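Participant: Handing you this structure, nothing more for now.
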Amino acid sequence: MSNQRIVNKTLFLDSVNSGVVVVNSDLNVKFFNSWLEAHTDKKRDEVIGRPITEVFPEIKEKVLSRKVKNCLKLKSPTFYDAEVDGYLFQIPADKIIYSTFEYMQQNVTIAPYDVEKDLVSLMIYDQTQFLEMKRRCVDFNEELQRQVKIEVQKQKEQEDILLHQSRMASMGEMIGNIAHQWKQPLNGLSIYIQMIYEEQRNKQKISQEFIQEFYEKTMFQIKGMSQTVDDFKNFFKVNRQKKDFYLKRVIENSLRLVDSYYTKHKIEINIDYQVDEDLILKGFDNELIQVFVNILNNGKDALIEKKIDNPKMNIIVSETAEFTTVEFEDNAGGIPDDIMKDIFVPYFTTKDDQGTGIGLYMSQRIVNEHLKGTISVSNKNQGACFKIRLPKT
Ligand SMILES: Nc1ncnc2c1ncn2[C@@H]1O[C@H](COP(=O)(O)OP(=O)(O)O)[C@@H](O)[C@H]1O
Ligand SMILES: [Mg+2]
């Protein structure tokens with residue numbers, strides 16, 4: 001009777017789109033559906049009646065035997081998982097469709113078929129495409145991660161180059177300042193030396209007073225030059241340690257570094273210090289000096305370029321409960337609306353060969369990232385106004 005049931009079920013089992021084998025507890029094949037005939041080189045007649053492990057020698061007999069017996073004993077299904085086991089028996093995968101698997105990957109369900117007759121069915125589901133897809137997804141993800149890493153690395157190298165360039169650029173601007181700052185005292189020194197030479201040529205003997213005066217005047221010039229070098233040396237020193245510093249000192253030092261150009265072009269500097277003289281900030285004072293010097297140099301450039309009659313730079317220091325604010329306001333006519341959005345972009349400059357376009361970009365980064373503040377710009381009455389807000393700690 002159960003034989004009859006198997007025959008009746010044949011039609012159904014032959015029409016499913018997966019493999020079905022029925023075996024008994026000795027693993028003898030009782031049924032082999034047409035899906036399997038189509039996907040293996042075995043025919044139903046040559047398989048039925050033989051142990052399945054003889055037909056497919058790659059099957060691990062112990063494992064299958066145990067699973068079949070458990071299934072019958074517990075009257076509940078057990079499984080093979082394609083992701084863990086790969087396959088039950090070898091069905092060569094279609095190489096054209098599946099590029100990476102040699103054999104069809106199979107999920108197998110071992111279910112009780114006829115417990116009285118000790119029969120179980122092995123249902124084989126083709127998982128190759130799914131696993132192939134998954135594999136590709138993983139590959140794709142790995143590739144994506146690799147690409148992202150490369151891009152991040154590139155970005156970082158780019159940043160490093162920019163940082164280096166910006167340091168070189170501000171060094172260039174600074175060296176220009178030193179050279180300029182030294183012109184005056186060098187000139188002075190050469191005049192005094194000229195004088196002492198003339199004096200001894202005319203009088204043969206130089207008076208004590210003359211020597212004293214020569215000494216005092218030349219030492220004064222030399223001290224000034226030495227101070228300039230120290231200022232610049234400090235400026236280039238990289239201090240990685242955050243420390244407390246007087247804001248007033250930073251403003252004064254910044255002004256000293258641009259002093260010669262400001263003096264030469266008679267640019268009037270007004271400082272409106274609306275905060276406590278002893279206001280202390282925390283962070284990298286050199287970097288703040290770099291920011292101030294960038295802005296002061298830009299202001300000077302604009303005032304000279306526009307040939308402003310009574311050039312001015314107003315510095316206003318104020319505070320709220322949360323911020324200390326430093327504003328630099330010139331009277332050079334301001335920044336044209338159409339380039340307002342570009343001035344903080346790296347390499348943007350309107351000064352052709354004279355500019356690098358890195359100053360404001362770098363200033364913004366220093367303020368944002370190292371000092372956790374903001375820098376903004378607007379056009380006020382007669383010129384540009386750069387506003388730096390630094391959080392109070
Ligand atoms: N005070 C200012 N007045 C007018 N234009 C300014 C001022 N400050 C900056 N700019 C504009 O912003 C541009 C970018 O400045 P910056 O980043 O320092 O580069 P650079 O000074 O090398 O040109 C300048 O070329 C100039 O056009
Ligand atoms: Mg600049």
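By convention in this document, the chains of the structure tokens carry letters A, B, ... by their order, each chain's residues are numbered from 1, and ligands are numbered from 1 in the order they are shown.
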How would you report the residues lying within 9 Å of ligand 1, as a ChimeraX atom specification, if you count only C-alpha atoms and all ligand atoms?

Facilitator: /A:169,294-303,328-336,339-340,342-363,377,379,383-386

Participant: Keeping only C-alpha atoms, write those residues as a PDB file, in the first residue's frame.

Facilitator:
```pdb
ATOM      1  CA  ALA A 169      53.541  80.133   2.270  1.00  0.00           C
ATOM      2  CA  ASN A 294      47.365  86.256   7.856  1.00  0.00           C
ATOM      3  CA  ILE A 295      44.494  88.672   8.360  1.00  0.00           C
ATOM      4  CA  LEU A 296      46.790  91.626   9.032  1.00  0.00           C
ATOM      5  CA  ASN A 297      48.816  90.825   5.903  1.00  0.00           C
ATOM      6  CA  ASN A 298      45.656  90.542   3.802  1.00  0.00           C
ATOM      7  CA  GLY A 299      44.413  93.868   5.145  1.00  0.00           C
ATOM      8  CA  LYS A 300      47.741  95.494   4.342  1.00  0.00           C
ATOM      9  CA  ASP A 301      47.668  93.984   0.810  1.00  0.00           C
ATOM     10  CA  ALA A 302      44.162  95.311   0.159  1.00  0.00           C
ATOM     11  CA  LEU A 303      44.937  98.776   1.542  1.00  0.00           C
ATOM     12  CA  PHE A 328      39.856  93.049  12.293  1.00  0.00           C
ATOM     13  CA  GLU A 329      38.272  95.821  10.311  1.00  0.00           C
ATOM     14  CA  ASP A 330      40.049  97.615   7.462  1.00  0.00           C
ATOM     15  CA  ASN A 331      38.919 100.440   5.217  1.00  0.00           C
ATOM     16  CA  ALA A 332      40.062  98.970   1.906  1.00  0.00           C
ATOM     17  CA  GLY A 333      36.590  98.806   0.356  1.00  0.00           C
ATOM     18  CA  GLY A 334      35.651  95.259   1.307  1.00  0.00           C
ATOM     19  CA  ILE A 335      35.416  91.981  -0.530  1.00  0.00           C
ATOM     20  CA  PRO A 336      33.383  91.796  -3.761  1.00  0.00           C
ATOM     21  CA  ILE A 339      34.058  86.099  -4.362  1.00  0.00           C
ATOM     22  CA  MET A 340      32.859  86.236  -0.775  1.00  0.00           C
ATOM     23  CA  ASP A 342      35.503  81.607  -2.230  1.00  0.00           C
ATOM     24  CA  ILE A 343      37.995  83.354  -0.023  1.00  0.00           C
ATOM     25  CA  PHE A 344      38.319  80.448   2.440  1.00  0.00           C
ATOM     26  CA  VAL A 345      38.741  77.903  -0.371  1.00  0.00           C
ATOM     27  CA  PRO A 346      42.304  76.591  -0.686  1.00  0.00           C
ATOM     28  CA  TYR A 347      44.327  78.202  -3.480  1.00  0.00           C
ATOM     29  CA  PHE A 348      41.766  80.934  -4.087  1.00  0.00           C
ATOM     30  CA  THR A 349      43.587  84.211  -4.589  1.00  0.00           C
ATOM     31  CA  THR A 350      43.022  87.436  -6.494  1.00  0.00           C
ATOM     32  CA  LYS A 351      46.695  88.366  -6.243  1.00  0.00           C
ATOM     33  CA  ASP A 352      48.025  86.328  -9.183  1.00  0.00           C
ATOM     34  CA  ASP A 353      51.663  85.471  -8.582  1.00  0.00           C
ATOM     35  CA  GLN A 354      51.756  87.452  -5.344  1.00  0.00           C
ATOM     36  CA  GLY A 355      49.209  85.249  -3.565  1.00  0.00           C
ATOM     37  CA  THR A 356      48.977  81.602  -2.643  1.00  0.00           C
ATOM     38  CA  GLY A 357      45.350  81.498  -1.565  1.00  0.00           C
ATOM     39  CA  ILE A 358      46.211  79.382   1.436  1.00  0.00           C
ATOM     40  CA  GLY A 359      46.208  81.994   4.193  1.00  0.00           C
ATOM     41  CA  LEU A 360      42.507  82.172   4.945  1.00  0.00           C
ATOM     42  CA  TYR A 361      41.937  78.476   4.319  1.00  0.00           C
ATOM     43  CA  MET A 362      44.589  77.666   6.877  1.00  0.00           C
ATOM     44  CA  SER A 363      43.344  80.312   9.283  1.00  0.00           C
ATOM     45  CA  VAL A 377      33.778  87.718   7.289  1.00  0.00           C
ATOM     46  CA  ASN A 379      31.725  93.887   4.652  1.00  0.00           C
ATOM     47  CA  GLY A 383      36.008  97.603   4.285  1.00  0.00           C
ATOM     48  CA  ALA A 384      36.239  93.969   5.222  1.00  0.00           C
ATOM     49  CA  CYS A 385      35.713  92.737   8.758  1.00  0.00           C
ATOM     50  CA  PHE A 386      37.106  89.394   9.871  1.00  0.00           C
TER      51      PHE A 386
END
```

Participant: What's the 12 Å shell around Lys42 (chain A), counting only C-alpha atoms, without same-chain residues fewer than 4 positions away, as a count of residues only?

Facilitator: 15

Participant: Out of A:Tyr215, A:Tyr125, A:Phe284, A:Trp182, which residue has the shortest atom-to-atom distance to Tyr87 (chain A) when counting only C-alpha atoms?

Facilitator: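 The shortest atom-to-atom distance to Tyr87 (chain A) comes from A:Tyr125.
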
Participant: List every residue of region 101-178 of chain A that DSSP, applied to the backbone, labels as strand (DSSP E or B), and write the result as a PyMOL selection string.

Facilitator: chain A and resi 103+106-114+119-126

Participant: Show which residues sit within 9 Å of region 132-144 of chain A, as a VMD selection string. Count only C-alpha atoms, and ignore same-chain residues fewer than 3 positions away.

Facilitator: chain A and resid 98 to 101 127 to 129 147 to 149

Participant: I'd like the neighbourhood of Asn24 (chain A) as a VMD selection string, where a residue qualifies if any of its atoms comes within 12 Å (using only C-alpha atoms), though same-chain residues fewer than 3 positions away should be ignored.

Facilitator: chain A and resid 21 27 to 31 48 to 52 64 to 65 67 to 69 71 to 72 110 to 122

Participant: Can you tell me, as a ChimeraX atom specification, which residues in region 84-194 of chain A count as helix (DSSP H, G or I) by DSSP?

Facilitator: /A:84-85,128-194

Participant: Compare A:Asp45, A:Glu173, A:Glu268, A:Glu209 by their minimum atom-to-atom distance to ligand 2, counting only C-alpha atoms and all ligand atoms, and give me the closest one.

Facilitator: A:Glu173

Participant: Can you measure CA of Ser378 (chain A) to CA of Asn270 (chain A) for me? One decimal in Å is fine.

Facilitator: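 If I compute the distance from CA of Ser378 (chain A) to CA of Asn270 (chain A), I get 19.0 Å.
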
Participant: Pick out the residues sitting within 6 Å of Thr374 (chain A), and hand them over as a ChimeraX atom specification; count only C-alpha atoms, and ignore anything fewer than 2 positions along from it in its own chain.

Facilitator: /A:367-368,388-389

Participant: Now that the selection is made, can you save its residues with N, CA and C atoms as a PDB file, in the first residue's frame?

Facilitator:
```pdb
ATOM      1  N   VAL A 367      41.406  77.908  13.390  1.00  0.00           N
ATOM      2  CA  VAL A 367      40.380  78.398  14.313  1.00  0.00           C
ATOM      3  C   VAL A 367      39.355  77.300  14.610  1.00  0.00           C
ATOM      4  N   ASN A 368      38.893  76.615  13.560  1.00  0.00           N
ATOM      5  CA  ASN A 368      37.862  75.588  13.759  1.00  0.00           C
ATOM      6  C   ASN A 368      38.394  74.380  14.515  1.00  0.00           C
ATOM      7  N   ILE A 388      36.741  86.691  14.618  1.00  0.00           N
ATOM      8  CA  ILE A 388      37.151  85.397  15.169  1.00  0.00           C
ATOM      9  C   ILE A 388      36.532  85.237  16.549  1.00  0.00           C
ATOM     10  N   ARG A 389      35.765  84.160  16.688  1.00  0.00           N
ATOM     11  CA  ARG A 389      35.145  83.901  17.992  1.00  0.00           C
ATOM     12  C   ARG A 389      35.774  82.675  18.625  1.00  0.00           C
TER      13      ARG A 389
END
```

Participant: Just the residues within 12 Å of Val258 (chain A), please, counting only C-alpha atoms, with nothing from its chain fewer than 6 positions along; format it as an NGL selection string.

Facilitator: :A and (173-181 or 228 or 231-232 or 251-252 or 264-265 or 267 or 269 or 289-290 or 292-301)

Participant: Which residue out of A:Ser166, A:Thr325, A:Asp285, A:Arg249 has the minimum interatomic distance to ligand 2 when only C-alpha atoms and all ligand atoms are used?

Facilitator: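 Going through A:Ser166, A:Thr325, A:Asp285, A:Arg249 one by one, the smallest distance to ligand 2 is for A:Ser166.
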
Participant: Please list as a ChimeraX atom specification every residue within 9 Å of Ile124 (chain A), counting only C-alpha atoms and excluding residues in the same chain fewer than 4 positions away.

Facilitator: /A:18-21,36,88,106-110

Participant: Quick one: distance from CA of Leu281 (chain A) to CA of Lys248 (chain A) in Å, one decimal?

Facilitator: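 Here the two named atoms are 9.9 Å from each other.
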
Participant: Report the distance between CA of His164 (chain A) and CA of Lys243 (chain A) in Å, rounded to one decimal place.

Facilitator: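 Answer for the CA of His164 (chain A) to CA of Lys243 (chain A) separation: 23.8 Å.
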